[in-house]
Structures are given as C-alpha cells and as structure tokens.
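**Q** There's a structure below that I have some questions on.
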Amino acid sequence: MRKYEIVIFDFDGTLADTFDWFKVAINKAAEKYHFRVLSEADMEQLRDKKTREIMRFLGVAWWKMPFIARYMRGLMWEEVSHIKLFSGIKELLLTLKSKDIKVVVLSSNSFKNVRSVLGEELLDTIQHLECGISILGKKEKLKKVLKKFHVLPENAIAIGDETRDIEAARSLRIVSGAVNWGYSTPKALENEKPDFIFPDVPSLVHALDF
C-alpha cells in the first residue's frame with residue numbers, strides 16, 4: 001500500500017469493540033424513545049443494511065436521533081471501563097506515531113468515552129479527535145480534516161466499519177478502507193466497493209506499516 005499523509009479512523013467497531021454493548025444499549029434506547037426493539041435475528045439482518053434502511057426498519061424519526069445518540073453515549077459512560085480496543089490496535093497506533101504518520105479519529109461517540117477507552121498513552125498518538133458527529137455527518141468532518149491538515153483527498157485514507165464510512169470517504173475522493181470486524185457485514189462492505197477491505201487487525205497493521 002502506498003504511504004498516506006494522514007490516516008482517519010472511525011472509533012466504534014473499528015478501533016473499539018463495542019458491538020456487544022451496542023446490542024444491549026439500542027434496545028434500552030428503543031424502550032425509552034419508542035422505536036422498534038430488536039431481536040438477535042433483527043440485529044444480524046440490519047448489519048447488511050445501509051444507514052437509511054436501518055432507520056426505516058427501526059421506525060425512528062430523524063429529529064429524535066440527537067437525543068437517542070446522547071442517551072446512548074451516557075449509557076456507554078456507565079460501562080466505559082468494560083469497553084476495550086480490538087487486539088492489535090494499540091500496537092498499530094504506536095507504530096503510526098513512530099513513523100510520524102498523522103492520525104485522526106472521527107466518532108459519533110463522546111469525547112469522554114473515546115478518551116477513556118484510548119487512555120493517555122494512545123491519545124498522544126492522535127493529532128485530532130472529533131466526536132459527537134451526527135449519524136450522517138461524517139462527510140463534513142472529513143472535509144474539515146482535509147482542510148485543517150492541508151491534505152489532498154488522494155493522500156488520505158479513511159478507515160471504518162460501516163457502509164456510511166465508505167460513502168462519506170468516496171464522496172470526497174478520499175481513499176476508503178473497510179474493516180470486517182465491526183458493525184456492517186463483509187458482504188455489505190463489499191457491495192460498497194471500498195478501495196481496501198481488511199479481514200483482520202493484523203492485515204490492517206501490515207498495510208499501514210509503511
């Protein structure tokens with residue numbers, strides 16, 4: 001893989017293993033905000049869907065999304081000590097720092113949750129952290145990152161675990177990388193045709209170990 005000036009990571013499902021937590025939290029939110037409670041089968045089915053399809057299935061009004069997101073961030077904070085990074089992510093971030101590669105994290109999660117999970121050592125590997133992003137707001141944040149660091153789209157790679165991550169990167173001509181261990185299924189990711197698909201953390205480490 002070519003060398004990029006900046007690597008932009010999603011957080012939940014890409015760096016941090018949060019899917020098991022999410023499966024419980026989404027149904028707590030469903031009961032509070034009166035949208036569809038999901039079975040295990042529903043959750044697996046939705047992993048093949050795009051964001052707008054998921055929203056239609058849940059029956060969630062778009063205006064409720066900021067309130068639901070804030071509620072779920074609060075739920076995570078109550079259990080944040082149990083949220084861990086995927087095996088190998090720590091080593092990857094430290095390697096990127098050692099090679100002077102700029103690292104950015106963009107997340108819909110809260111600053112305090114992301115900071116707590118990463119810890120001080122890994123926060124020091126990250127040049128910019130952008131949190132509280134709306135569910136379909138990543139494109140504008142990616143644009144902001146390119147402008148902040150004066151990087152051309154082709155010199156950046158954005159790595160995430162959902163179809164919306166690929167869509168946002170592609171809309172700006174940023175190189176897109178998709179990881180197979182997060183929220184969207186490998187099939188859903190392949191259908192979006194990212195530039196790269198990483199089947200496991202070691203493959204990502206190898207690809208970015210310039």
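Just remember, in the structure tokens the first chain shown is A, the second B, etc., residues are 1-based per chain, and ligands are 1-based in the order shown.
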Per residue of segment 81-102 of chain A within 9 Å of segment 195-206 of chain A, note the shortest atom pair and the distance in Å to one decimal, counting only C-alpha atoms, and order the rows by chain and increasing residue number, as JSON lines.
**A**
{"residue": "A:Phe86", "atom": "CA", "partner": "A:Val201", "partner_atom": "CA", "distance": 7.8}
{"residue": "A:Ser87", "atom": "CA", "partner": "A:Val201", "partner_atom": "CA", "distance": 7.4}
{"residue": "A:Gly88", "atom": "CA", "partner": "A:Val201", "partner_atom": "CA", "distance": 6.2}
{"residue": "A:Ile89", "atom": "CA", "partner": "A:Val201", "partner_atom": "CA", "distance": 7.1}
{"residue": "A:Glu91", "atom": "CA", "partner": "A:Val205", "partner_atom": "CA", "distance": 8.3}
{"residue": "A:Leu92", "atom": "CA", "partner": "A:Val205", "partner_atom": "CA", "distance": 5.6}
{"residue": "A:Thr95", "atom": "CA", "partner": "A:Val205", "partner_atom": "CA", "distance": 8.6}
**Q** Give me the residues within 12 Å of Lys148 of chain A as a PyMOL selection string, counting only C-alpha atoms and dropping any in the same chain fewer than 6 places off.
**A** chain A and resi 6+102+104+127-128+141-142
**Q** What would the file look like if the residues just selected were written as a PDB file, in the first residue's frame with C-alpha atoms?
**A**
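Output file out34.pdb follows:
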ATOM      1  CA  ILE A   6      -2.948  11.042   7.196  1.00  0.00           C
ATOM      2  CA  LYS A 102      -0.791  11.810  11.276  1.00  0.00           C
ATOM      3  CA  VAL A 104      -7.274  11.398  13.219  1.00  0.00           C
ATOM      4  CA  GLN A 127      -3.299  14.559  16.144  1.00  0.00           C
ATOM      5  CA  HIS A 128      -7.009  15.349  16.010  1.00  0.00           C
ATOM      6  CA  LYS A 141     -15.999  16.312   9.265  1.00  0.00           C
ATOM      7  CA  LEU A 142     -13.767  14.586   6.727  1.00  0.00           C
TER       8      LEU A 142
END
**Q** Might you pull out every residue within 6 Å of segment 172-185 of chain A, with only C-alpha atoms counted and same-chain residues fewer than 5 positions away left off, and present them as a list in words?
**A**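 Returned residues: Gly13, Thr14, Arg47, Asp48, Pro153, Glu154, Ala156, Ile157, Ala158, Ile159, Gly160, Asp161, Glu162, Ile166, Pro194, Asp195, Phe196, Ile197, Phe198 and Pro199 of chain A.
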**Q** Among segment 39-113 of chain A, which residues carry a DSSP assignment of strand (DSSP E or B), reported as a PyMOL selection string?
**A** chain A and resi 84-85+102-106
